[in-house]
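Asks: The structure follows.
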Amino acid sequence: MAWNATLSLDYSLQAGKTVAHFRHDGPLRILQSLYPEGDAVCHNVLVHPPGGLVGGDTLDIAVTAATGSHGLITTPGATRFYKSLGDTALQRTRIRLEAGARAEWLPMEALCYSGCLAENHLTLDLAPGAELMGWDVTALGLPSASQPFTEGSFCQHIELPGVWLERARIRADDRLLMDSPLGLAGQRCMATLFFASGSKLDRGRREQALEVAREVMGTHALVNSAGATSPDAQVVVVRVLAPLVEPAMGLLKQVWKSWRRHLWDQAAPSPRIWSA
């Protein structure tokens with residue numbers, strides 16, 4: 001039996017404080033709002049009590065942020081896509097920001113068990129002047145537990161409509177893709193960090209975002225499998241391949257902290273759940 005859930009999370013600015021309101025149907029929740037940075041930034045943890053998705057399950061997440069508000073969303077652990085008996089497991093996330101809003105979409109990794117049939121969609125709708133930092137981290141199989149990704153498929157979809165689209169379908173039996181130097185080169189974790197804007201970033205700010213990212217990558221162990229690009233004037237992207245989640249996530253967190261300082265003039269305290 002399919003187990004479906006929906007969550008709507010709405011941020012607004014009230015007397016200088018970002019306030020979160022949410023509605024849900026099914027096993028998807030938001031923990032209490034936290035303010036480790038003061039009233040301007042609201043931190044929330046998205047919780048899926050079942051702990052994973054099997055074939056036929058669907059999670060629908062909708063986030064909106066009103067002008068002047070700033071929300072940060074993370075999760076307490078990985079989104080697990082388990083082995084399927086034939087149906088697809090789907091997570092869809094839509095984030096809509098009004099002019100002048102900011103958001104950070106920082107979930108833990110999507111973990112694809114061998115035999116899964118899974119899709120993970122992220123769509124961004126950003127008004128002019130709105131900005132978002134986010135990442136998408138995917139691990140294929142559980143190599144540390146000697147459970148490689150040998151069957152099944154995973155589709156990753158990230159889109160800023162009309163501006164930027166990344167869509168990849170990975171089949172476990174596609175050995176050229178999985179192991180070729182032109183594919184994943186035997187790595188089993190792929191990670192993408194992005195800074196996206198609803199309007200064109202000026203050249204100096206884009207170059208600063210690239211320079212900061214490359215400076216962090218230059219001293220990291222994954223320097224040879226990471227890169228930073230700007231495929232459009234509204235987007236800066238960092239991509240990483242790694243054998244495991246931990247080094248990739250560590251690199252993304254370092255770049256995120258640097259971007260926050262240089263692009264938003266804000267410190268970057270890690271959400272408390274990350275150290276739990």
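Chain labels run A, B, ... following the order of the structure tokens; each chain numbers its residues from 1, and ligands are numbered from 1 in the order shown.
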Report the closest atom pair, with its distance in Å rounded to one decimal, for each residue of segment 16-57 of chain A that has an atom no farther than 12 Å from segment 119-124 of chain A; count only C-alpha atoms, sort by chain and then rising residue number, and write it as JSON lines.
Replies:
```
{"residue": "A:Leu53", "atom": "CA", "partner": "A:Glu119", "partner_atom": "CA", "distance": 10.6}
{"residue": "A:Val54", "atom": "CA", "partner": "A:Glu119", "partner_atom": "CA", "distance": 11.3}
{"residue": "A:Gly55", "atom": "CA", "partner": "A:Glu119", "partner_atom": "CA", "distance": 10.4}
{"residue": "A:Gly56", "atom": "CA", "partner": "A:Glu119", "partner_atom": "CA", "distance": 11.0}
{"residue": "A:Asp57", "atom": "CA", "partner": "A:Glu119", "partner_atom": "CA", "distance": 10.7}
```
Asks: Per residue of segment 64-151 of chain A within 12 Å of segment 15-18 of chain A, record the nearest atom pair and its distance in Å to one decimal, counting only C-alpha atoms, with rows in chain order and ascending residue number, as CSV.
Replies:
```
residue,atom,partner,partner_atom,distance
A:Ala65,CA,A:Thr18,CA,9.2
A:Ala66,CA,A:Thr18,CA,9.3
A:Thr67,CA,A:Thr18,CA,10.2
A:Gly68,CA,A:Thr18,CA,8.2
A:Ser69,CA,A:Thr18,CA,5.2
A:His70,CA,A:Thr18,CA,6.3
A:Gly71,CA,A:Thr18,CA,7.3
A:Leu72,CA,A:Thr18,CA,10.5
A:Ala101,CA,A:Thr18,CA,10.3
A:Arg102,CA,A:Thr18,CA,10.6
A:Ala103,CA,A:Thr18,CA,11.1
```
Asks: Given the selection you just returned, output its residues as a file containing N, CA, C and O atoms, formatted as a PDB file, in the first residue's frame.
Replies:
```pdb
ATOM      1  N   ALA A  65       8.079  31.665   0.607  1.00  0.00           N
ATOM      2  CA  ALA A  65       8.658  32.673   1.495  1.00  0.00           C
ATOM      3  C   ALA A  65       8.243  34.048   0.998  1.00  0.00           C
ATOM      4  O   ALA A  65       8.465  34.398  -0.164  1.00  0.00           O
ATOM      5  N   ALA A  66       7.621  34.813   1.876  1.00  0.00           N
ATOM      6  CA  ALA A  66       7.150  36.152   1.522  1.00  0.00           C
ATOM      7  C   ALA A  66       8.308  37.142   1.553  1.00  0.00           C
ATOM      8  O   ALA A  66       9.382  36.873   2.120  1.00  0.00           O
ATOM      9  N   THR A  67       8.089  38.301   0.971  1.00  0.00           N
ATOM     10  CA  THR A  67       9.106  39.344   0.884  1.00  0.00           C
ATOM     11  C   THR A  67       9.716  39.648   2.254  1.00  0.00           C
ATOM     12  O   THR A  67       9.003  39.826   3.245  1.00  0.00           O
ATOM     13  N   GLY A  68      11.046  39.640   2.301  1.00  0.00           N
ATOM     14  CA  GLY A  68      11.763  39.975   3.522  1.00  0.00           C
ATOM     15  C   GLY A  68      12.001  38.830   4.465  1.00  0.00           C
ATOM     16  O   GLY A  68      12.789  38.964   5.413  1.00  0.00           O
ATOM     17  N   SER A  69      11.359  37.684   4.246  1.00  0.00           N
ATOM     18  CA  SER A  69      11.536  36.547   5.143  1.00  0.00           C
ATOM     19  C   SER A  69      12.748  35.721   4.722  1.00  0.00           C
ATOM     20  O   SER A  69      13.241  35.816   3.602  1.00  0.00           O
ATOM     21  N   HIS A  70      13.223  34.886   5.662  1.00  0.00           N
ATOM     22  CA  HIS A  70      14.400  34.058   5.411  1.00  0.00           C
ATOM     23  C   HIS A  70      14.232  32.761   6.184  1.00  0.00           C
ATOM     24  O   HIS A  70      14.255  32.746   7.422  1.00  0.00           O
ATOM     25  N   GLY A  71      14.054  31.659   5.472  1.00  0.00           N
ATOM     26  CA  GLY A  71      13.884  30.365   6.095  1.00  0.00           C
ATOM     27  C   GLY A  71      15.008  29.420   5.728  1.00  0.00           C
ATOM     28  O   GLY A  71      15.514  29.435   4.594  1.00  0.00           O
ATOM     29  N   LEU A  72      15.421  28.601   6.686  1.00  0.00           N
ATOM     30  CA  LEU A  72      16.428  27.561   6.459  1.00  0.00           C
ATOM     31  C   LEU A  72      15.808  26.221   6.821  1.00  0.00           C
ATOM     32  O   LEU A  72      15.282  26.051   7.915  1.00  0.00           O
ATOM     33  N   ALA A 101      12.935  37.785  -0.768  1.00  0.00           N
ATOM     34  CA  ALA A 101      12.989  36.677   0.195  1.00  0.00           C
ATOM     35  C   ALA A 101      14.274  35.881   0.014  1.00  0.00           C
ATOM     36  O   ALA A 101      14.881  35.870  -1.061  1.00  0.00           O
ATOM     37  N   ARG A 102      14.661  35.190   1.068  1.00  0.00           N
ATOM     38  CA  ARG A 102      15.805  34.286   1.019  1.00  0.00           C
ATOM     39  C   ARG A 102      15.398  32.936   1.605  1.00  0.00           C
ATOM     40  O   ARG A 102      14.566  32.875   2.520  1.00  0.00           O
ATOM     41  N   ALA A 103      16.009  31.887   1.072  1.00  0.00           N
ATOM     42  CA  ALA A 103      15.755  30.556   1.615  1.00  0.00           C
ATOM     43  C   ALA A 103      17.006  29.709   1.458  1.00  0.00           C
ATOM     44  O   ALA A 103      17.849  29.958   0.578  1.00  0.00           O
TER      45      ALA A 103
END
```
Asks: Give me, please, the distance in Å between atom CA of Thr64 of chain A and atom CA of Tyr82 of chain A, quoted to one decimal.
Replies: 29.2 Å
Asks: Please provide the set of residues having any atom within 12 Å of Asp202 of chain A, restricted to only C-alpha atoms, with same-chain residues fewer than 3 positions apart removed, written as a PyMOL selection string.
Replies: chain A and resi 129+197+199+205-209+232-236+263
Asks: So, with only C-alpha atoms as the atoms that count, which of A:Val47, A:Val245, A:Leu126, A:Leu193 lies closest to Ser144 of chain A?
Replies: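 The answer is A:Val245, which sits nearest to Ser144 of chain A.
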